[in-house]
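Engineer: Got a structure for you, work.txt, holding compact mmCIF, N, CA, C and O atoms.
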# COMPACT_ATOMS: atom_id res chain seq x y z
N MET A 476 0.84 -1.18 0.00
CA MET A 476 0.00 0.00 0.00
C MET A 476 0.89 1.25 0.00
O MET A 476 1.85 1.32 0.73
N SER A 477 0.53 2.17 -0.80
CA SER A 477 1.30 3.42 -0.84
C SER A 477 0.77 4.37 0.23
O SER A 477 -0.22 4.10 0.90
N ASP A 478 1.45 5.47 0.35
CA ASP A 478 1.02 6.47 1.32
C ASP A 478 -0.06 7.39 0.75
O ASP A 478 -0.45 8.37 1.38
N ARG A 479 -0.59 7.05 -0.42
CA ARG A 479 -1.57 7.91 -1.10
C ARG A 479 -2.76 8.26 -0.22
O ARG A 479 -3.17 9.42 -0.16
N ILE A 480 -3.32 7.29 0.46
CA ILE A 480 -4.51 7.54 1.28
C ILE A 480 -4.18 8.51 2.41
O ILE A 480 -4.92 9.46 2.66
N ILE A 481 -3.08 8.27 3.08
CA ILE A 481 -2.68 9.17 4.18
C ILE A 481 -2.46 10.58 3.65
O ILE A 481 -2.91 11.55 4.25
N ARG A 482 -1.79 10.70 2.52
CA ARG A 482 -1.56 12.02 1.93
C ARG A 482 -2.87 12.71 1.58
O ARG A 482 -3.03 13.91 1.81
N GLU A 483 -3.81 11.97 1.02
CA GLU A 483 -5.10 12.56 0.67
C GLU A 483 -5.85 13.03 1.91
O GLU A 483 -6.42 14.12 1.92
N VAL A 484 -5.87 12.22 2.94
CA VAL A 484 -6.52 12.62 4.20
C VAL A 484 -5.84 13.86 4.75
O VAL A 484 -6.51 14.81 5.16
N TYR A 485 -4.52 13.87 4.75
CA TYR A 485 -3.77 15.01 5.26
C TYR A 485 -4.12 16.29 4.50
O TYR A 485 -4.33 17.34 5.10
N GLN A 486 -4.21 16.18 3.18
CA GLN A 486 -4.53 17.35 2.36
C GLN A 486 -5.94 17.85 2.64
O GLN A 486 -6.17 19.07 2.68
N VAL A 487 -6.88 16.95 2.82
CA VAL A 487 -8.25 17.36 3.17
C VAL A 487 -8.24 18.09 4.51
O VAL A 487 -8.89 19.14 4.66
N LEU A 488 -7.52 17.55 5.47
CA LEU A 488 -7.46 18.20 6.80
C LEU A 488 -6.81 19.57 6.70
O LEU A 488 -7.28 20.52 7.34
N GLU A 489 -5.75 19.70 5.91
CA GLU A 489 -5.12 21.01 5.73
C GLU A 489 -6.10 21.99 5.10
O GLU A 489 -6.17 23.16 5.53
N LYS A 490 -6.85 21.54 4.12
CA LYS A 490 -7.83 22.41 3.46
C LYS A 490 -8.89 22.85 4.46
O LYS A 490 -9.29 24.02 4.48
N ARG A 491 -9.35 21.94 5.30
CA ARG A 491 -10.38 22.29 6.28
C ARG A 491 -9.83 23.19 7.38
O ARG A 491 -10.57 23.95 7.98
N ARG A 492 -8.53 23.12 7.62
CA ARG A 492 -7.90 24.05 8.56
C ARG A 492 -7.82 25.44 7.94
O ARG A 492 -8.14 26.44 8.58
N ASP A 493 -7.40 25.49 6.67
CA ASP A 493 -7.15 26.76 6.00
C ASP A 493 -8.42 27.42 5.47
O ASP A 493 -8.47 28.64 5.35
N THR A 494 -9.41 26.62 5.12
CA THR A 494 -10.69 27.11 4.61
C THR A 494 -11.79 26.37 5.35
O THR A 494 -12.33 25.39 4.85
N PRO A 495 -12.09 26.81 6.58
CA PRO A 495 -13.05 26.08 7.41
C PRO A 495 -14.42 25.92 6.74
O PRO A 495 -14.89 26.80 6.03
N THR A 496 -15.00 24.76 6.96
CA THR A 496 -16.35 24.45 6.51
C THR A 496 -17.16 24.06 7.75
O THR A 496 -16.64 24.09 8.87
N HIS A 497 -18.38 23.68 7.55
CA HIS A 497 -19.19 23.19 8.66
C HIS A 497 -19.01 21.69 8.79
O HIS A 497 -19.97 20.92 8.75
N SER A 498 -17.76 21.26 8.92
CA SER A 498 -17.46 19.84 9.04
C SER A 498 -16.94 19.55 10.45
O SER A 498 -16.52 20.46 11.18
N TYR A 499 -16.97 18.29 10.79
CA TYR A 499 -16.48 17.84 12.09
C TYR A 499 -15.04 18.30 12.32
O TYR A 499 -14.71 18.86 13.37
N THR A 500 -14.18 18.07 11.32
CA THR A 500 -12.77 18.41 11.51
C THR A 500 -12.54 19.92 11.56
O THR A 500 -11.73 20.38 12.36
N SER A 501 -13.23 20.67 10.74
CA SER A 501 -13.10 22.13 10.80
C SER A 501 -13.53 22.64 12.17
O SER A 501 -12.87 23.51 12.75
N ASN A 502 -14.63 22.09 12.67
CA ASN A 502 -15.12 22.52 13.98
C ASN A 502 -14.13 22.20 15.10
O ASN A 502 -13.96 23.00 16.02
N LEU A 503 -13.48 21.05 15.02
CA LEU A 503 -12.48 20.72 16.05
C LEU A 503 -11.31 21.70 16.02
O LEU A 503 -10.75 22.02 17.07
N MET A 504 -10.95 22.16 14.83
CA MET A 504 -9.77 23.03 14.71
C MET A 504 -10.07 24.50 14.96
O MET A 504 -9.16 25.33 14.92
N GLN A 505 -11.33 24.85 15.23
CA GLN A 505 -11.69 26.24 15.47
C GLN A 505 -11.77 26.51 16.97
O GLN A 505 -12.38 25.74 17.71
N ASP A 506 -11.17 27.60 17.38
CA ASP A 506 -11.24 28.00 18.79
C ASP A 506 -12.64 28.54 19.09
O ASP A 506 -13.24 29.24 18.29
N ASP A 507 -13.14 28.17 20.24
CA ASP A 507 -14.38 28.76 20.76
C ASP A 507 -14.21 28.80 22.27
O ASP A 507 -13.14 29.18 22.74
N ASP A 508 -15.19 28.42 23.04
CA ASP A 508 -15.03 28.44 24.49
C ASP A 508 -13.91 27.50 24.94
O ASP A 508 -13.26 27.74 25.95
N LYS A 509 -13.73 26.42 24.22
CA LYS A 509 -12.66 25.48 24.52
C LYS A 509 -11.63 25.58 23.40
O LYS A 509 -11.99 25.58 22.23
N LEU A 510 -10.38 25.69 23.75
CA LEU A 510 -9.35 25.82 22.73
C LEU A 510 -9.33 24.62 21.79
O LEU A 510 -9.54 23.48 22.20
N ALA A 511 -9.07 24.89 20.53
CA ALA A 511 -9.06 23.84 19.52
C ALA A 511 -8.08 22.72 19.88
O ALA A 511 -8.42 21.54 19.79
N GLU A 512 -6.90 23.08 20.31
CA GLU A 512 -5.91 22.06 20.66
C GLU A 512 -6.43 21.16 21.77
O GLU A 512 -6.26 19.94 21.72
N ASP A 513 -7.08 21.74 22.76
CA ASP A 513 -7.63 20.94 23.85
C ASP A 513 -8.69 19.97 23.35
O ASP A 513 -8.75 18.81 23.79
N LYS A 514 -9.54 20.42 22.42
CA LYS A 514 -10.57 19.55 21.86
C LYS A 514 -9.93 18.37 21.13
O LYS A 514 -10.36 17.23 21.28
N ILE A 515 -8.91 18.65 20.34
CA ILE A 515 -8.24 17.60 19.58
C ILE A 515 -7.54 16.63 20.53
O ILE A 515 -7.63 15.40 20.36
N LEU A 516 -6.87 17.15 21.53
CA LEU A 516 -6.17 16.29 22.49
C LEU A 516 -7.15 15.40 23.26
O LEU A 516 -6.86 14.22 23.52
N GLU A 517 -8.31 15.93 23.60
CA GLU A 517 -9.34 15.11 24.26
C GLU A 517 -9.76 13.96 23.37
O GLU A 517 -9.92 12.83 23.83
N LYS A 518 -9.96 14.25 22.08
CA LYS A 518 -10.35 13.20 21.14
C LYS A 518 -9.27 12.14 21.03
O LYS A 518 -9.57 10.94 20.98
N ILE A 519 -8.01 12.54 21.01
CA ILE A 519 -6.92 11.57 20.93
C ILE A 519 -6.92 10.69 22.18
O ILE A 519 -6.75 9.47 22.09
N GLY A 520 -7.14 11.29 23.34
CA GLY A 520 -7.23 10.51 24.57
C GLY A 520 -8.38 9.51 24.53
O GLY A 520 -8.22 8.35 24.91
N GLU A 521 -9.54 9.96 24.07
CA GLU A 521 -10.69 9.06 23.95
C GLU A 521 -10.40 7.92 22.98
O GLU A 521 -10.70 6.76 23.28
N GLU A 522 -9.83 8.26 21.84
CA GLU A 522 -9.56 7.25 20.82
C GLU A 522 -8.49 6.27 21.30
O GLU A 522 -8.59 5.06 21.02
N ALA A 523 -7.49 6.75 22.03
CA ALA A 523 -6.46 5.85 22.56
C ALA A 523 -7.09 4.86 23.54
O ALA A 523 -6.78 3.66 23.51
N ALA A 524 -7.98 5.34 24.39
CA ALA A 524 -8.66 4.45 25.32
C ALA A 524 -9.50 3.43 24.57
O ALA A 524 -9.54 2.25 24.95
N GLU A 525 -10.16 3.85 23.50
CA GLU A 525 -10.97 2.93 22.71
C GLU A 525 -10.12 1.87 22.02
O GLU A 525 -10.55 0.72 21.88
N VAL A 526 -8.90 2.22 21.60
CA VAL A 526 -7.98 1.23 21.02
C VAL A 526 -7.61 0.20 22.07
O VAL A 526 -7.60 -1.01 21.79
N ILE A 527 -7.33 0.64 23.27
CA ILE A 527 -6.97 -0.28 24.35
C ILE A 527 -8.12 -1.25 24.63
O ILE A 527 -7.92 -2.47 24.71
N ILE A 528 -9.32 -0.71 24.74
CA ILE A 528 -10.50 -1.55 25.02
C ILE A 528 -10.74 -2.52 23.86
O ILE A 528 -11.02 -3.71 24.08
N ALA A 529 -10.63 -2.04 22.64
CA ALA A 529 -10.84 -2.89 21.47
C ALA A 529 -9.83 -4.04 21.45
O ALA A 529 -10.18 -5.18 21.14
N SER A 530 -8.61 -3.73 21.78
CA SER A 530 -7.57 -4.76 21.80
C SER A 530 -7.86 -5.80 22.88
O SER A 530 -7.78 -7.01 22.62
N LYS A 531 -8.20 -5.34 24.05
CA LYS A 531 -8.49 -6.26 25.16
C LYS A 531 -9.70 -7.14 24.86
O LYS A 531 -9.76 -8.29 25.28
N ASN A 532 -10.69 -6.58 24.15
CA ASN A 532 -11.92 -7.32 23.84
C ASN A 532 -11.86 -8.05 22.50
O ASN A 532 -12.84 -8.69 22.11
N ASP A 533 -10.74 -7.92 21.80
CA ASP A 533 -10.58 -8.54 20.47
C ASP A 533 -11.72 -8.18 19.51
O ASP A 533 -12.26 -9.04 18.82
N GLU A 534 -12.08 -6.90 19.50
CA GLU A 534 -13.11 -6.46 18.56
C GLU A 534 -12.90 -5.00 18.18
O GLU A 534 -12.47 -4.19 18.99
N ASN A 535 -13.15 -4.70 16.93
CA ASN A 535 -13.09 -3.33 16.40
C ASN A 535 -11.71 -2.68 16.48
O ASN A 535 -11.61 -1.46 16.45
N LEU A 536 -10.66 -3.46 16.59
CA LEU A 536 -9.33 -2.88 16.73
C LEU A 536 -8.93 -2.05 15.51
O LEU A 536 -8.38 -0.96 15.65
N VAL A 537 -9.22 -2.54 14.33
CA VAL A 537 -8.85 -1.80 13.11
C VAL A 537 -9.62 -0.49 13.05
O VAL A 537 -9.03 0.57 12.80
N HIS A 538 -10.91 -0.53 13.30
CA HIS A 538 -11.74 0.67 13.27
C HIS A 538 -11.24 1.70 14.29
O HIS A 538 -11.07 2.89 13.96
N GLU A 539 -11.02 1.26 15.51
CA GLU A 539 -10.59 2.19 16.55
C GLU A 539 -9.17 2.71 16.28
O GLU A 539 -8.87 3.88 16.56
N SER A 540 -8.32 1.88 15.73
CA SER A 540 -6.97 2.33 15.38
C SER A 540 -7.01 3.39 14.29
O SER A 540 -6.26 4.37 14.34
N ALA A 541 -7.89 3.20 13.31
CA ALA A 541 -8.04 4.21 12.26
C ALA A 541 -8.51 5.54 12.84
O ALA A 541 -8.03 6.61 12.45
N ASP A 542 -9.43 5.48 13.81
CA ASP A 542 -9.88 6.72 14.47
C ASP A 542 -8.72 7.41 15.19
O ASP A 542 -8.58 8.64 15.11
N LEU A 543 -7.90 6.64 15.87
CA LEU A 543 -6.76 7.22 16.60
C LEU A 543 -5.75 7.84 15.63
O LEU A 543 -5.27 8.96 15.85
N ILE A 544 -5.46 7.13 14.57
CA ILE A 544 -4.52 7.66 13.58
C ILE A 544 -5.08 8.93 12.93
O ILE A 544 -4.37 9.92 12.76
N PHE A 545 -6.37 8.91 12.60
CA PHE A 545 -7.01 10.07 11.99
C PHE A 545 -6.89 11.30 12.91
O PHE A 545 -6.50 12.39 12.46
N HIS A 546 -7.20 11.13 14.18
CA HIS A 546 -7.16 12.27 15.09
C HIS A 546 -5.72 12.72 15.37
O HIS A 546 -5.47 13.90 15.61
N THR A 547 -4.78 11.80 15.31
CA THR A 547 -3.37 12.17 15.44
C THR A 547 -2.94 12.99 14.23
O THR A 547 -2.24 14.01 14.38
N LEU A 548 -3.36 12.58 13.04
CA LEU A 548 -3.08 13.38 11.84
C LEU A 548 -3.71 14.76 11.95
O LEU A 548 -3.10 15.76 11.58
N LEU A 549 -4.91 14.81 12.47
CA LEU A 549 -5.59 16.08 12.67
C LEU A 549 -4.77 17.01 13.58
O LEU A 549 -4.61 18.19 13.29
N LEU A 550 -4.23 16.46 14.65
CA LEU A 550 -3.38 17.25 15.55
C LEU A 550 -2.14 17.77 14.83
O LEU A 550 -1.78 18.95 14.96
N LEU A 551 -1.50 16.90 14.05
CA LEU A 551 -0.31 17.33 13.32
C LEU A 551 -0.63 18.44 12.33
O LEU A 551 0.13 19.41 12.22
N VAL A 552 -1.75 18.32 11.64
CA VAL A 552 -2.18 19.38 10.72
C VAL A 552 -2.43 20.67 11.49
O VAL A 552 -1.96 21.75 11.10
N TYR A 553 -3.16 20.57 12.58
CA TYR A 553 -3.47 21.75 13.40
C TYR A 553 -2.19 22.45 13.86
O TYR A 553 -2.10 23.68 13.85
N LYS A 554 -1.19 21.65 14.25
CA LYS A 554 0.07 22.22 14.76
C LYS A 554 1.02 22.65 13.63
O LYS A 554 2.09 23.18 13.90
N GLY A 555 0.62 22.43 12.37
CA GLY A 555 1.44 22.87 11.25
C GLY A 555 2.61 21.96 10.92
O GLY A 555 3.56 22.39 10.26
N VAL A 556 2.54 20.73 11.33
CA VAL A 556 3.60 19.76 11.03
C VAL A 556 3.38 19.24 9.61
O VAL A 556 2.26 18.86 9.25
N GLU A 557 4.42 19.23 8.82
CA GLU A 557 4.33 18.70 7.46
C GLU A 557 4.34 17.17 7.51
O GLU A 557 5.06 16.57 8.32
N LEU A 558 3.57 16.56 6.64
CA LEU A 558 3.48 15.10 6.62
C LEU A 558 4.84 14.46 6.38
O LEU A 558 5.16 13.42 6.98
N ASP A 559 5.66 15.08 5.56
CA ASP A 559 6.99 14.51 5.30
C ASP A 559 7.86 14.46 6.55
O ASP A 559 8.75 13.62 6.64
N GLU A 560 7.61 15.34 7.51
CA GLU A 560 8.34 15.27 8.78
C GLU A 560 8.02 13.95 9.50
O GLU A 560 8.90 13.34 10.09
N LEU A 561 6.76 13.54 9.44
CA LEU A 561 6.36 12.28 10.05
C LEU A 561 7.02 11.11 9.34
O LEU A 561 7.55 10.21 9.98
N TYR A 562 7.02 11.14 8.01
CA TYR A 562 7.65 10.07 7.25
C TYR A 562 9.15 10.01 7.51
O TYR A 562 9.73 8.92 7.59
N THR A 563 9.79 11.16 7.66
CA THR A 563 11.22 11.18 7.97
C THR A 563 11.47 10.51 9.32
O THR A 563 12.43 9.74 9.47
N GLU A 564 10.62 10.78 10.28
CA GLU A 564 10.77 10.16 11.61
C GLU A 564 10.58 8.65 11.53
O GLU A 564 11.33 7.89 12.15
N PHE A 565 9.59 8.21 10.76
CA PHE A 565 9.40 6.77 10.57
C PHE A 565 10.63 6.15 9.92
O PHE A 565 11.06 5.05 10.28
N ASP A 566 11.18 6.85 8.94
CA ASP A 566 12.35 6.35 8.23
C ASP A 566 13.53 6.16 9.19
O ASP A 566 14.26 5.17 9.10
N LYS A 567 13.70 7.08 10.12
CA LYS A 567 14.79 6.98 11.10
C LYS A 567 14.61 5.73 11.96
O LYS A 567 15.59 5.09 12.35
N ARG A 568 13.37 5.40 12.28
CA ARG A 568 13.09 4.28 13.18
C ARG A 568 13.23 2.91 12.52
O ARG A 568 13.35 1.91 13.22
N ARG A 569 13.18 2.87 11.21
CA ARG A 569 13.28 1.56 10.58
C ARG A 569 14.72 1.15 10.31
O ARG A 569 14.99 0.08 9.81
N ARG A 570 15.66 2.00 10.64
CA ARG A 570 17.08 1.69 10.42
C ARG A 570 17.64 0.88 11.55
O ARG A 570 17.25 0.80 12.61
Here is the file; what I need is its structure written in the form of structure tokens.

Structural biologist:
Amino acid sequence: MSDRIIREVYQVLEKRRDTPTHSYTSNLMQDDDKLAEDKILEKIGEEAAEVIIASKNDENLVHESADLIFHTLLLLVYKGVELDELYTEFDKRRR
């Protein structure tokens, strides 16, 4: 599998950050009474807990892992991290 899907998701998230719409991801990245970063971090915490539960129960692990990865990508986009920085870090770890 190529990184095409991850790149496409990343680009959509960047677009929703830069040109907000009435979407779930745009809403998470917009500051209101609760800071956007705090909202995203809460979601990552929730999704991480759901991955743990899914693993322990041997059910929905792929689905919950995709949610965690998605929200982690959302955080990276929000913080302005380029996707290639993530790939560079992965590359360092495989050596």

Engineer: Identify, on the basis of all atoms listed in the file, every residue whose closest approach to segment 499-509 of chain A does not exceed 8 Å; exclude the query and any residue fewer than 5 positions from it along the same chain; express the result as JSON, numbers by chain.

Structural biologist: {"A": [487, 488, 490, 491, 492, 493, 494, 514, 515, 516, 549, 553]}

Engineer: Can you tell me how far atom O of Glu539 of chain A sits from atom O of Val526 of chain A, in Å to one decimal?

Structural biologist: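 Taking atom O of Glu539 of chain A as the start and atom O of Val526 of chain A as the end point, the length is 7.3 Å.
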
Engineer: Near segment 555-558 of chain A, counting only C-alpha atoms, which residues have an atom at most 10 Å away, once you skip same-chain residues fewer than 2 positions from it, shown as a list in words?

Structural biologist: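 Answer for this query is Ile481, Arg482, Tyr485, Gln486, Glu489, Arg492, Leu548, Leu549, Leu550, Leu551, Val552, Tyr553, Glu560, Leu561, Tyr562 and Thr563 of chain A.
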
Engineer: Between atom CA of Glu525 of chain A and atom O of Ile544 of chain A, what is the distance, to one decimal in Å?

Structural biologist: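 Separating atom CA of Glu525 of chain A from atom O of Ile544 of chain A is a distance of 13.8 Å.
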